Each structure stands twice: as C-alpha cells, then as structure tokens.
>>> print(open('final-v1.cif').read())   # mmCIF, C-alpha atoms
data_run
#
loop_
_atom_site.label_atom_id
_atom_site.label_comp_id
_atom_site.auth_asym_id
_atom_site.auth_seq_id
_atom_site.Cartn_x
_atom_site.Cartn_y
_atom_site.Cartn_z
CA MET A 1 128.35 140.30 189.51
CA ALA A 2 127.10 142.10 186.49
CA LYS A 3 128.79 145.34 185.59
CA ARG A 4 127.67 147.95 183.12
CA ILE A 5 130.03 150.56 181.74
CA LEU A 6 128.44 153.74 180.55
CA PHE A 7 129.84 156.72 178.69
CA PRO A 8 128.31 160.09 177.88
CA PRO A 9 126.57 159.31 174.57
CA THR A 10 128.08 162.13 172.55
CA ALA A 11 131.64 161.48 173.67
CA MET A 12 131.18 157.78 173.20
CA MET A 13 130.00 158.19 169.63
CA VAL A 14 132.99 160.32 168.73
CA VAL A 15 135.45 157.91 170.32
CA ILE A 16 133.89 154.85 168.78
CA ALA A 17 133.63 156.40 165.36
CA ALA A 18 137.34 157.21 165.51
CA LEU A 19 138.25 153.78 166.81
CA SER A 20 136.05 152.14 164.22
CA VAL A 21 138.00 153.69 161.41
CA LEU A 22 141.27 152.65 163.00
CA VAL A 23 140.24 149.14 163.90
CA PHE A 24 138.24 148.19 160.89
CA SER A 25 140.01 149.91 158.03
CA PRO A 26 141.63 147.27 155.84
CA GLY A 27 144.81 149.27 155.60
CA THR A 28 145.31 149.70 159.34
CA HIS A 29 148.04 147.14 159.71
CA ALA A 30 149.91 148.28 156.67
CA GLN A 31 149.89 151.84 157.96
CA SER A 32 150.91 150.99 161.50
CA GLY A 33 153.47 148.35 160.66
CA GLN A 34 156.36 150.86 160.50
CA GLN A 35 158.15 148.34 158.34
CA PRO A 36 159.60 149.33 154.97
CA ALA A 37 158.49 147.06 152.16
CA ALA A 38 160.95 144.25 151.62
CA ALA A 39 162.59 144.00 148.24
CA ASP A 40 160.86 141.42 146.06
CA ASP A 41 163.56 138.84 145.45
CA SER A 42 161.17 136.00 144.66
CA PRO A 43 161.76 134.15 141.38
CA LYS A 44 160.12 135.82 138.42
CA PRO A 45 157.59 133.77 136.46
CA GLY A 46 158.86 132.07 133.35
CA PRO A 47 157.18 131.71 129.98
CA ALA A 48 153.77 130.07 129.82
CA PRO A 49 153.65 126.41 128.86
CA ARG A 50 152.12 125.63 125.47
CA ARG A 51 148.44 124.59 125.46
CA ASP A 52 148.46 123.69 129.13
CA LEU A 53 146.04 124.92 131.80
CA SER A 54 146.60 122.10 134.27
CA GLY A 55 147.24 122.91 137.90
CA MET A 56 145.55 124.23 141.00
CA TRP A 57 144.55 127.84 140.58
CA THR A 58 143.62 130.44 143.16
CA PRO A 59 142.72 134.11 142.69
CA ALA A 60 145.97 136.06 142.43
CA SER A 61 144.65 138.82 144.70
CA GLY A 62 143.98 136.33 147.52
CA PRO A 63 141.15 134.05 148.63
CA GLY A 64 138.66 136.92 148.59
CA GLY A 65 139.25 137.60 144.90
CA GLY A 66 136.83 134.95 143.68
CA ILE A 67 134.13 134.94 146.35
CA GLN A 68 131.99 137.48 144.48
CA ALA A 69 129.61 138.07 147.37
CA PHE A 70 128.35 141.24 145.75
CA GLY A 71 127.57 139.65 142.42
CA VAL A 72 129.62 138.79 139.39
CA GLN A 73 133.12 140.24 139.67
CA ALA A 74 133.01 142.56 136.67
CA MET A 75 129.54 143.98 137.45
CA PRO A 76 128.88 144.02 141.19
CA ASN A 77 125.28 144.56 142.21
CA ASP A 78 125.99 147.78 144.11
CA GLY A 79 123.41 150.14 142.65
CA LYS A 80 125.94 152.18 140.68
CA PRO A 81 124.66 153.26 137.26
CA GLU A 82 127.70 151.82 135.52
CA HIS A 83 126.78 148.40 136.90
CA ALA A 84 123.17 148.43 135.75
CA LEU A 85 122.43 145.42 133.56
CA PRO A 86 120.66 145.46 130.17
CA TYR A 87 117.59 143.51 131.26
CA THR A 88 114.84 142.54 128.87
CA PRO A 89 111.36 143.09 130.37
CA TYR A 90 111.24 139.37 131.14
CA GLY A 91 114.74 139.50 132.64
CA LEU A 92 113.79 142.36 134.93
CA GLU A 93 110.65 140.52 135.98
CA LEU A 94 112.77 137.50 136.82
CA TYR A 95 115.22 139.59 138.84
CA GLN A 96 112.41 141.18 140.80
CA SER A 97 110.99 137.75 141.64
CA HIS A 98 114.23 136.75 143.32
CA ARG A 99 114.84 137.40 147.01
CA PRO A 100 118.62 137.26 147.37
CA LEU A 101 120.77 137.37 150.48
CA GLU A 102 123.39 139.60 148.88
CA GLY A 103 123.45 142.82 146.88
CA VAL A 104 121.39 145.98 146.97
CA ASP A 105 118.11 144.07 147.14
CA ALA A 106 119.21 141.65 149.86
CA VAL A 107 116.56 140.35 152.26
CA LEU A 108 117.01 139.06 155.81
CA PRO A 109 118.31 135.49 156.11
CA ALA A 110 114.93 133.80 156.58
CA PHE A 111 113.19 135.42 153.61
CA HIS A 112 115.33 134.39 150.65
CA ASN A 113 114.35 132.14 147.75
CA ASP A 114 117.88 131.33 146.62
CA PRO A 115 118.05 127.73 145.34
CA ARG A 116 121.58 127.57 146.73
CA ASN A 117 120.15 127.49 150.26
CA LYS A 118 118.32 124.27 149.44
CA CYS A 119 121.72 122.90 148.48
CA GLU A 120 120.67 122.72 144.86
CA PRO A 121 123.57 122.56 142.41
CA LEU A 122 124.77 126.05 141.59
CA GLY A 123 124.82 125.17 137.90
CA PHE A 124 126.80 126.95 135.25
CA PRO A 125 127.80 129.76 135.08
CA ARG A 126 126.95 130.53 138.72
CA VAL A 127 129.65 128.11 139.81
CA ASN A 128 132.10 130.62 138.32
CA HIS A 129 130.70 133.31 140.59
CA TYR A 130 130.41 131.62 143.97
CA ASN A 131 133.37 131.13 146.26
CA VAL A 132 135.80 130.44 143.44
CA ARG A 133 138.83 129.59 145.51
CA MET A 134 141.12 126.60 145.00
CA THR A 135 140.15 125.43 141.51
CA GLN A 136 141.81 122.41 139.94
CA PHE A 137 142.26 121.96 136.20
CA PHE A 138 142.92 118.46 134.86
CA GLN A 139 143.71 118.15 131.19
CA ASN A 140 144.28 115.43 128.61
CA PRO A 141 144.13 115.54 124.78
CA TYR A 142 140.36 115.06 124.83
CA LYS A 143 139.01 117.19 127.61
CA LEU A 144 139.70 119.71 130.31
CA VAL A 145 138.02 119.04 133.66
CA ILE A 146 137.55 121.88 136.14
CA LEU A 147 137.04 120.82 139.75
CA TYR A 148 135.67 123.61 141.93
CA GLN A 149 136.24 123.85 145.67
CA TYR A 150 132.63 124.66 146.55
CA ASP A 151 130.60 121.44 146.72
CA ASN A 152 133.46 119.59 145.00
CA ARG A 153 131.67 120.02 141.65
CA SER A 154 133.30 119.43 138.31
CA ARG A 155 132.56 120.26 134.70
CA SER A 156 134.07 118.87 131.51
CA ILE A 157 135.15 120.86 128.49
CA TRP A 158 135.74 118.90 125.30
CA VAL A 159 138.87 119.94 123.39
CA ASP A 160 138.79 117.07 120.87
CA GLY A 161 137.60 119.16 117.96
CA ARG A 162 133.89 118.46 118.21
CA GLU A 163 131.28 121.07 117.32
CA LEU A 164 129.38 123.02 119.96
CA PRO A 165 125.93 121.38 120.34
CA GLU A 166 122.93 123.24 118.96
CA MET A 167 120.44 124.54 121.50
CA VAL A 168 116.93 123.13 121.13
CA ASP A 169 113.90 123.21 123.38
CA GLY A 170 114.78 121.51 126.67
CA GLY A 171 118.27 120.50 125.67
CA VAL A 172 120.73 120.30 122.81
CA LEU A 173 121.39 118.45 119.59
CA ALA A 174 124.92 117.04 119.85
CA GLY A 175 126.06 115.38 116.64
CA GLY A 176 122.40 115.02 115.65
CA THR A 177 121.46 113.35 118.94
CA TYR A 178 119.08 115.00 121.40
CA LYS A 179 120.43 115.40 124.91
CA ALA A 180 118.65 116.95 127.89
CA SER A 181 119.72 120.17 129.59
CA LYS A 182 122.39 119.80 132.29
CA TRP A 183 123.27 121.82 135.36
CA TYR A 184 126.75 122.42 133.99
CA GLY A 185 125.86 122.40 130.32
CA TYR A 186 127.77 121.23 127.28
CA SER A 187 131.18 122.84 126.84
CA VAL A 188 133.51 122.82 123.84
CA GLY A 189 136.91 124.49 123.81
CA GLU A 190 139.22 125.58 121.02
CA TRP A 191 142.83 126.77 121.26
CA ILE A 192 143.01 129.96 119.24
CA ASP A 193 146.75 130.17 119.88
CA ASP A 194 149.19 128.23 122.03
CA TYR A 195 148.22 130.10 125.18
CA THR A 196 144.53 130.93 124.80
CA LEU A 197 141.62 128.50 125.08
CA VAL A 198 138.16 129.79 124.14
CA VAL A 199 135.29 127.76 125.62
CA ARG A 200 131.62 128.03 124.69
CA THR A 201 128.91 126.42 126.78
CA VAL A 202 125.20 125.85 126.06
CA GLY A 203 122.39 123.60 127.26
CA MET A 204 122.05 124.65 130.89
CA MET A 205 119.04 124.41 133.20
CA PRO A 206 116.08 126.79 132.88
CA GLU A 207 115.65 129.98 134.85
CA ASP A 208 113.41 128.49 137.52
CA ARG A 209 116.33 126.33 138.70
CA VAL A 210 119.41 128.54 138.55
CA TRP A 211 120.62 132.06 139.25
CA LEU A 212 123.58 133.88 137.75
CA ASP A 213 124.94 135.14 141.07
CA SER A 214 124.22 135.50 144.77
CA THR A 215 122.52 138.85 144.32
CA GLY A 216 119.65 137.29 142.40
CA ARG A 217 120.66 138.22 138.87
CA PRO A 218 118.88 135.75 136.56
CA ILE A 219 120.12 133.48 133.80
CA SER A 220 118.12 131.29 131.41
CA ASP A 221 118.52 128.14 129.35
CA ALA A 222 118.93 130.32 126.26
CA VAL A 223 122.34 131.53 127.40
CA THR A 224 125.60 130.95 125.58
CA VAL A 225 128.59 131.43 127.85
CA GLU A 226 132.00 132.21 126.42
CA GLU A 227 135.08 131.82 128.60
CA VAL A 228 138.60 132.75 127.63
CA PHE A 229 141.47 131.11 129.52
CA ARG A 230 144.72 132.86 128.74
CA ARG A 231 148.06 131.73 130.12
CA VAL A 232 149.90 134.90 131.02
CA ASP A 233 153.13 133.22 132.12
CA SER A 234 154.30 130.10 133.95
CA ASP A 235 152.43 131.05 137.13
CA HIS A 236 149.38 132.99 136.02
CA MET A 237 146.18 132.58 134.03
CA GLU A 238 143.49 135.12 133.17
CA TRP A 239 139.94 133.78 133.23
CA THR A 240 137.32 135.88 131.43
CA GLU A 241 133.61 135.18 131.02
CA THR A 242 130.97 136.79 128.80
CA ILE A 243 127.30 135.80 128.66
CA ASP A 244 124.84 136.13 125.80
CA ASP A 245 121.30 135.43 127.03
CA PRO A 246 118.69 137.01 124.73
CA LYS A 247 115.78 135.92 126.97
CA VAL A 248 117.13 137.87 129.94
CA TYR A 249 119.56 140.50 128.62
CA THR A 250 119.33 142.68 125.53
CA GLU A 251 123.02 142.35 124.73
CA PRO A 252 126.05 140.24 125.71
CA TRP A 253 128.08 141.48 128.67
CA MET A 254 131.24 140.52 130.51
CA THR A 255 130.72 138.99 133.93
CA MET A 256 134.27 138.46 135.11
CA LYS A 257 137.92 138.94 134.35
CA ILE A 258 140.03 137.49 137.14
CA LEU A 259 143.74 136.78 137.29
CA PHE A 260 144.60 133.45 138.89
CA LYS A 261 147.93 132.18 140.15
CA LEU A 262 149.15 128.63 140.53
CA ALA A 263 148.89 127.35 144.09
CA ASP A 264 151.30 125.06 145.89
CA PRO A 265 150.51 121.65 144.36
CA HIS A 266 150.74 120.04 147.81
CA THR A 267 147.85 122.07 149.17
CA ASP A 268 145.06 120.01 150.71
CA ILE A 269 141.84 121.80 149.89
CA VAL A 270 139.33 122.71 152.60
CA GLU A 271 135.86 121.26 152.02
CA MET A 272 133.00 123.66 151.32
CA TYR A 273 129.92 121.48 151.08
CA CYS A 274 126.32 122.55 151.27
CA SER A 275 124.81 120.14 153.77
CA PRO A 276 121.00 120.25 154.11
CA VAL A 277 121.34 119.17 157.74
CA GLU A 278 123.81 121.93 158.54
CA MET A 279 121.76 124.48 156.62
CA GLN A 280 118.63 123.61 158.61
CA TYR A 281 120.57 123.78 161.88
CA TYR A 282 121.88 127.20 160.88
CA TYR A 283 118.39 128.56 160.33
CA ASP A 284 116.91 126.90 163.42
CA SER A 285 119.76 128.17 165.62
CA PHE A 286 120.48 131.55 164.11
CA GLY A 287 119.08 132.63 160.76
CA ASN A 288 115.45 132.71 161.80
CA ALA A 289 116.16 134.58 165.05
CA ALA A 290 118.30 137.10 163.17
CA SER A 291 115.32 137.67 160.88
CA GLY A 292 112.73 137.91 163.68
CA VAL A 293 111.08 134.66 162.63
CA GLU A 294 109.99 131.95 165.03
CA ASN A 295 111.17 128.49 164.02
CA ASP A 296 107.65 127.07 164.34
CA SER A 297 106.17 129.65 162.02
CA LYS A 298 108.58 129.09 159.16
CA MET B 299 134.65 131.94 186.69
CA LYS B 300 131.64 133.98 187.49
CA SER B 301 129.61 134.51 184.41
CA LYS B 302 129.05 138.20 184.22
CA THR B 303 128.02 140.50 181.50
CA VAL B 304 129.95 143.55 180.49
CA ILE B 305 128.12 145.53 177.91
CA LEU B 306 129.68 148.23 175.82
CA VAL B 307 127.06 149.79 173.67
CA SER B 308 128.16 151.35 170.44
CA LEU B 309 125.73 153.71 168.88
CA SER B 310 128.08 154.77 166.13
CA LEU B 311 128.04 151.80 163.85
CA GLY B 312 128.31 153.29 160.44
CA ALA B 313 132.03 152.71 160.21
CA LEU B 314 132.03 149.26 161.74
CA ILE B 315 132.51 146.93 158.87
CA VAL B 316 133.56 143.33 159.32
CA THR B 317 136.36 142.81 156.88
CA VAL B 318 136.66 139.05 156.76
CA PRO B 319 135.79 138.22 153.17
CA ALA B 320 132.11 137.51 152.85
CA SER B 321 131.28 133.92 152.09
CA ALA B 322 128.47 134.98 149.79
CA HIS B 323 125.81 133.44 152.00
CA HIS B 324 124.08 136.52 153.31
CA SER B 325 124.65 140.25 153.62
CA VAL B 326 125.09 142.19 156.86
CA ALA B 327 121.60 143.66 156.53
CA ALA B 328 120.33 141.84 159.62
CA PHE B 329 123.06 143.47 161.74
CA ALA B 330 123.59 146.83 160.04
CA ASN B 331 121.81 148.74 162.80
CA GLY B 332 122.58 146.42 165.69
CA LYS B 333 124.55 147.19 168.83
CA THR B 334 128.12 146.09 169.39
CA LEU B 335 128.32 144.23 172.69
CA THR B 336 131.10 142.61 174.69
CA LEU B 337 129.83 139.61 176.61
CA ASN B 338 131.44 137.30 179.13
CA GLY B 339 130.10 133.79 178.91
CA THR B 340 130.62 130.04 178.83
CA VAL B 341 130.77 128.04 175.61
CA THR B 342 128.00 125.48 175.19
CA GLU B 343 128.66 124.60 171.54
CA TRP B 344 131.07 125.51 168.76
CA TYR B 345 129.46 124.34 165.51
CA TRP B 346 132.10 124.25 162.77
CA ALA B 347 130.01 124.04 159.62
CA ASN B 348 128.72 125.73 156.50
CA PRO B 349 127.28 128.14 155.71
CA HIS B 350 128.51 129.76 158.96
CA CYS B 351 130.23 128.49 162.07
CA LEU B 352 128.00 129.05 165.10
CA LEU B 353 129.12 129.76 168.66
CA LYS B 354 126.57 129.12 171.39
CA PHE B 355 127.37 130.45 174.83
CA ASP B 356 125.62 131.16 178.11
CA VAL B 357 125.69 134.64 179.59
CA GLN B 358 124.51 135.71 183.03
CA THR B 359 122.48 138.89 182.89
CA ASP B 360 122.51 141.72 185.39
CA SER B 361 119.52 140.12 187.11
CA GLY B 362 121.30 136.80 187.47
CA VAL B 363 119.36 134.99 184.79
CA VAL B 364 121.44 132.87 182.41
CA VAL B 365 120.55 133.37 178.75
CA GLN B 366 121.89 131.69 175.68
CA TRP B 367 123.47 133.67 172.88
CA VAL B 368 124.14 132.36 169.40
CA ALA B 369 126.69 134.13 167.23
CA GLU B 370 127.93 133.39 163.75
CA THR B 371 131.23 133.69 161.99
CA GLN B 372 131.85 132.96 158.34
CA ALA B 373 132.26 129.52 156.79
CA PRO B 374 135.13 127.30 157.97
CA ALA B 375 137.18 127.99 154.85
CA ASN B 376 137.03 131.72 155.57
CA MET B 377 137.78 131.26 159.25
CA ILE B 378 140.83 129.13 158.53
CA ASP B 379 142.08 131.99 156.39
CA ALA B 380 141.58 134.23 159.42
CA GLY B 381 143.53 131.87 161.68
CA TRP B 382 140.67 130.11 163.47
CA ARG B 383 140.50 126.35 164.02
CA LYS B 384 137.81 123.83 164.83
CA ASN B 385 139.41 122.98 168.17
CA ASP B 386 139.82 126.57 169.36
CA LEU B 387 136.62 126.43 171.41
CA LYS B 388 135.08 123.70 173.55
CA PRO B 389 132.02 123.48 175.79
CA GLY B 390 132.83 124.87 179.22
CA ASP B 391 135.43 127.37 178.00
CA GLU B 392 135.13 130.79 179.60
CA ILE B 393 135.26 133.45 176.90
CA THR B 394 134.70 137.11 176.19
CA VAL B 395 132.87 137.64 172.93
CA THR B 396 132.42 140.88 171.03
CA VAL B 397 129.41 140.66 168.73
CA ARG B 398 127.29 142.82 166.52
CA GLN B 399 123.78 142.06 167.68
CA ALA B 400 120.91 141.57 165.24
CA ASN B 401 118.88 144.70 164.49
CA ASN B 402 115.80 143.14 166.05
CA GLY B 403 117.43 142.76 169.49
CA ASN B 404 117.25 138.97 169.63
CA LEU B 405 120.16 137.27 171.37
CA VAL B 406 121.99 136.52 168.15
CA GLY B 407 124.85 138.35 166.53
CA ARG B 408 127.86 138.29 164.28
CA ILE B 409 131.17 137.69 166.02
CA LEU B 410 133.84 140.36 165.81
CA ARG B 411 136.30 138.70 168.16
CA VAL B 412 136.61 136.12 170.91
CA GLU B 413 139.04 136.33 173.82
CA LEU B 414 139.95 132.93 175.18
CA ALA B 415 140.78 132.04 178.76
CA ASP B 416 144.40 131.36 177.78
CA GLY B 417 144.81 134.95 176.67
CA ARG B 418 144.58 134.40 172.93
CA THR B 419 142.22 136.50 170.86
CA LEU B 420 140.50 135.17 167.77
CA ASP B 421 139.78 138.06 165.45
CA ALA B 422 136.96 137.70 162.95
CA THR B 423 137.48 141.14 161.45
CA GLN B 424 140.71 140.50 159.63
CA ASP B 425 141.80 137.83 157.23
CA ARG B 426 145.14 136.97 155.79
CA THR B 427 144.20 137.72 152.24
CA GLY B 428 147.26 137.93 150.11
CA ALA B 429 149.31 135.55 152.20
CA THR B 430 150.32 132.35 150.50
CA GLY B 431 149.24 128.97 151.78
CA ASN B 432 145.93 130.03 153.23
CA GLU B 433 144.67 126.50 153.29
CA TYR B 434 145.89 123.47 155.22
CA HIS B 435 149.13 121.97 153.99
CA LEU B 436 149.88 118.30 154.22
CA SER B 437 152.39 117.85 156.96
CA GLY B 438 155.57 116.32 155.66
CA ALA B 439 154.79 117.18 152.06
CA PRO B 440 157.95 117.60 150.04
CA THR B 441 158.96 121.08 149.03
CA ASP B 442 159.85 121.87 145.49
#
>>> encode(input="final-v1.cif", output="structure tokens")
Amino acid sequence: MAKRILFPPTAMMVVIAALSVLVFSPGTHAQSGQQPAAADDSPKPGPAPRRDLSGMWTPASGPGGGIQAFGVQAMPNDGKPEHALPYTPYGLELYQSHRPLEGVDAVLPAFHNDPRNKCEPLGFPRVNHYNVRMTQFFQNPYKLVILYQYDNRSRSIWVDGRELPEMVDGGVLAGGTYKASKWYGYSVGEWIDDYTLVVRTVGMMPEDRVWLDSTGRPISDAVTVEEVFRRVDSDHMEWTETIDDPKVYTEPWMTMKILFKLADPHTDIVEMYCSPVEMQYYYDSFGNAASGVENDSK
Amino acid sequence: MKSKTVILVSLSLGALIVTVPASAHHSVAAFANGKTLTLNGTVTEWYWANPHCLLKFDVQTDSGVVVQWVAETQAPANMIDAGWRKNDLKPGDEITVTVRQANNGNLVGRILRVELADGRTLDATQDRTGATGNEYHLSGAPTD
C-alpha cells in the first residue's frame, strides 16, 4: 500500500538543508572519521629516469583530476572573470554557435550540438581535455605513442629529429610533401634537457569538426599546440599544454597543467567507448525525457 | 514484495550536489530544480553502458498504477570508482532508489543511491578519488 510521508514545509527545508551539507559535502568522511592521519611511511620517489616518459599515467590527484567536465583544467568555463578567454570576434561567434552540455552555457541533454555525442573522434587537443584517466605512453628512439583511455585513441609524436611540418591550407607540408589535416595532427617532440620533452602539434581538423573542450570552447585548424612533459621524479610527470590559435584567440594561453603519477603496471584499463547504439539508447530512454522532448519529435 | 512508493519531497535542493566526478557528458542543469524522491520498485533493466548507466524500474503509485522510472548514473568507469558493478542489479530485484527527478517532472532522474534487498547500499554521491587501484586489477597479477 502506498504511503506518503509529509513534514511541515518550513521545518523540512531546514532539516534537509542541514542534512544536505552533512551528506553531500566532500569532506564529510574526513571530518567524521575520528581517525588521526597515519604517518606516511611509503617509499619516497627516486630520481627521474633520463629521457623516458614510458608507463601508465593517471592524474596524481585521483581519477577526477583529468575529467575536465567544466572545461580545460587551467581555465574552467565557470563565468569567473579570471577565466574569460581572449576570443577574436570570429572565435566568439564560434563559441556562441556551440550548444554544449557542460559549462555556464550548458543546454539540456537533447539540445546539444557537440560532435562528441555523434561519437566523432574528439581530435587533438580535445582528447587532452576529456576524461584523461589511465593514459599509456609507449616510447622508442623514433616516436612516443600516447594511448588514451577514452575511445582507446592513440597519437604519435615523432622524436627522431624531424622538423615540425608547415601549416598550409587544408593540411601541412611535411618535408616538402603535402599531407591532409588529421584528427590528431602532426606532432614533433624535442628533448630540451634529460627530463623535459617539448612537443608541438599542427595540422588538425577545422573548426566545424572539433571543439576544444566539453563546454563548447572552439579550436581551429590554425592552432599550434605546445605540450611540455616534465619528469618530476621516478613516479611523477607534469603535463602542460598551451594553445596558439590566431583565428579563434587573440593570444596564446595555457589550457592545462596537471601532475600525473605512475599507475600500477598490472592495471587492466576499463573501456570507455562511445557507441552510437548506446548513445541512441541513452537518448531514447532518458536524455530526451529529461529534456522534455518526445522521442518521435527529435 | 509489494511495490509501494514512499516519497520524500525535498524542496531545499540548493546544497544537494552529487559528488561523483562528472563524466563530462552533461551538466546537472536538467535536474537542478528537481525533487529528491525515494522510491520502492522492481528492477526491469540495468543498462551498464556509456555515456551513463541506466536503471529502469517499475514503481506502483498511490493509485495502484505501475509506472516505469528511468534513472541514470555516471559512466561505468566512474561507477567502478564508486564501488558499483555490472552485476549489482538484475531484473526482478526489489530496490529502494533515491533519485533527483528531472526539473520537468517526467519519470526520469539522476540516482543518488540504491538500497538492495540484501541490505547493501550503492552510493552514487561519493567516489573513491585518491585511493589507489581504482580500476580493475588482473587477478593473480604478480606484485612488484
């Protein structure tokens, strides 16, 4: 038999507001644990290996450290003046044409135009700003390959001394040969010391195919991305990214600076694929109803 | 078990923030002004998939009509971090689900927690961020 429990509205609001803070505050468990912090007797990291980035890396702050749901890590799209981006007029127009599912201009689930939801490749550099979790680096004398957890995508970075290709309309000139734009671009790395690899990437897809982040910030095929991978010690690496996109932004700016730690090499990584079938089922079962949209009318 | 509905309506939602790390698929905008409800029901489907796991369950209303609810969690990778598993829920399981309903009042919501018939509670509001080994480990893998 159905049962309905009612409370006086005013009293209920007070109680629930108080409980909400207790139940949903991230620090609740730490405060209520009544346990003194244990002494850290774990082994201290050793010196960084020379010119070696290989391994499986995960954000040092935990799995949430690389998700970047609110936009690129260094400049979240939260409406704060200090996070306003230096858009060109064209860049601002592009941003305003996007209907993202995250950030201050987020729309309801059914009304987005994020290419990610069609299971399009994220492209580069968005792949650095979307669920960056277990990330594997494979290295040999010629190239570094980064294998991302989301969609099991990889990109190659040449470290064999070649020049960065020259951007031309619709692609690049690499060693005098024309090559078409790619989702993950053309990347060349150079060790500037034994522990720091600087990588520059050009030749990505145009702005009608890719976004910079999940909040709808734009990026164009005129962008040059510079990443700095710095080995801090035997267990840690700092990954920094700066973008220079004169079509969209009036000046270069830093998008992320995240500390990663080496993960247990025996870890079996959880799949995070974008399946068109699953995505359609999600919208038919949930996303459209949550947005007030009938399935037939979409 | 009789399928009955127990509804606790929360009108003070400003402080209710789901703290499982977002999967960067969509914001909470569709639920920001929704009610928090506790529902007794029967599982009809537990869809373990991206971009969000979906729990479908039947609930008997006060008038005796059985309605279907659909509630989402985060993606499997996030839910594993929070201690959930694909085989935690099966059709026919009797459960108590606390959800944040969509603003528009449709029978869809975001799961806050699920109480199982065996007494366990699956919490979708906390993760284990910061713990090591948040992903599956190969059983029998050597330690070094």
>>> closest_residue(input="final-v1.cif", among="B:Val368, B:Met377, B:Leu420, B:Leu353", to="chain A", atoms="only C-alpha atoms")
B:Val368
>>> residues_around(input="final-v1.cif", residues="Ala375 (chain B)", least_positions_apart="4", cutoff="7 Å", atoms="all atoms listed in the file", output="list in words")
Val270 and Met272 of chain A; Asp379 of chain B
>>> atom_distance(input="final-v1.cif", atom1="CA of Asp194 (chain A)", atom2="CA of Arg50 (chain A)")
5.2 Å
>>> residues_around(input="final-v1.cif", residues="Ser214 (chain A)", least_positions_apart="2", cutoff="6 Å", atoms="only C-alpha atoms", output="list in words")
Gly71, Glu102 and Gly216 of chain A
>>> closest_residue(input="final-v1.cif", among="B:Leu337, B:Leu387, B:Ala400, B:Val363", to="chain A", atoms="only C-alpha atoms")
B:Ala400
>>> atom_distance(input="final-v1.cif", atom1="CA of Ser187 (chain A)", atom2="CA of Gly62 (chain A)")
27.8 Å
>>> atom_distance(input="final-v1.cif", atom1="CA of Pro121 (chain A)", atom2="CA of Gly203 (chain A)")
15.2 Å
>>> closest_residue(input="final-v1.cif", among="A:Leu122, A:Val277, A:Met237, A:Ile269", to="chain B", atoms="only C-alpha atoms")
A:Ile269
>>> resolve_selection(input="final-v1.cif", expression="the PyMOL selection byres ((chain B and resi 411) around 7)", output="mmCIF file with C-alpha atoms, keeping the file's coordinate frame")
data_model
loop_
_atom_site.group_PDB
_atom_site.id
_atom_site.type_symbol
_atom_site.label_atom_id
_atom_site.label_comp_id
_atom_site.auth_asym_id
_atom_site.auth_seq_id
_atom_site.Cartn_x
_atom_site.Cartn_y
_atom_site.Cartn_z
ATOM 1 C CA VAL B 395 132.870 137.640 172.930
ATOM 2 C CA THR B 396 132.420 140.880 171.030
ATOM 3 C CA ILE B 409 131.170 137.690 166.020
ATOM 4 C CA LEU B 410 133.840 140.360 165.810
ATOM 5 C CA VAL B 412 136.610 136.120 170.910
ATOM 6 C CA GLU B 413 139.040 136.330 173.820
ATOM 7 C CA THR B 419 142.220 136.500 170.860
ATOM 8 C CA LEU B 420 140.500 135.170 167.770
ATOM 9 C CA ASP B 421 139.780 138.060 165.450
ATOM 10 C CA ALA B 422 136.960 137.700 162.950
#
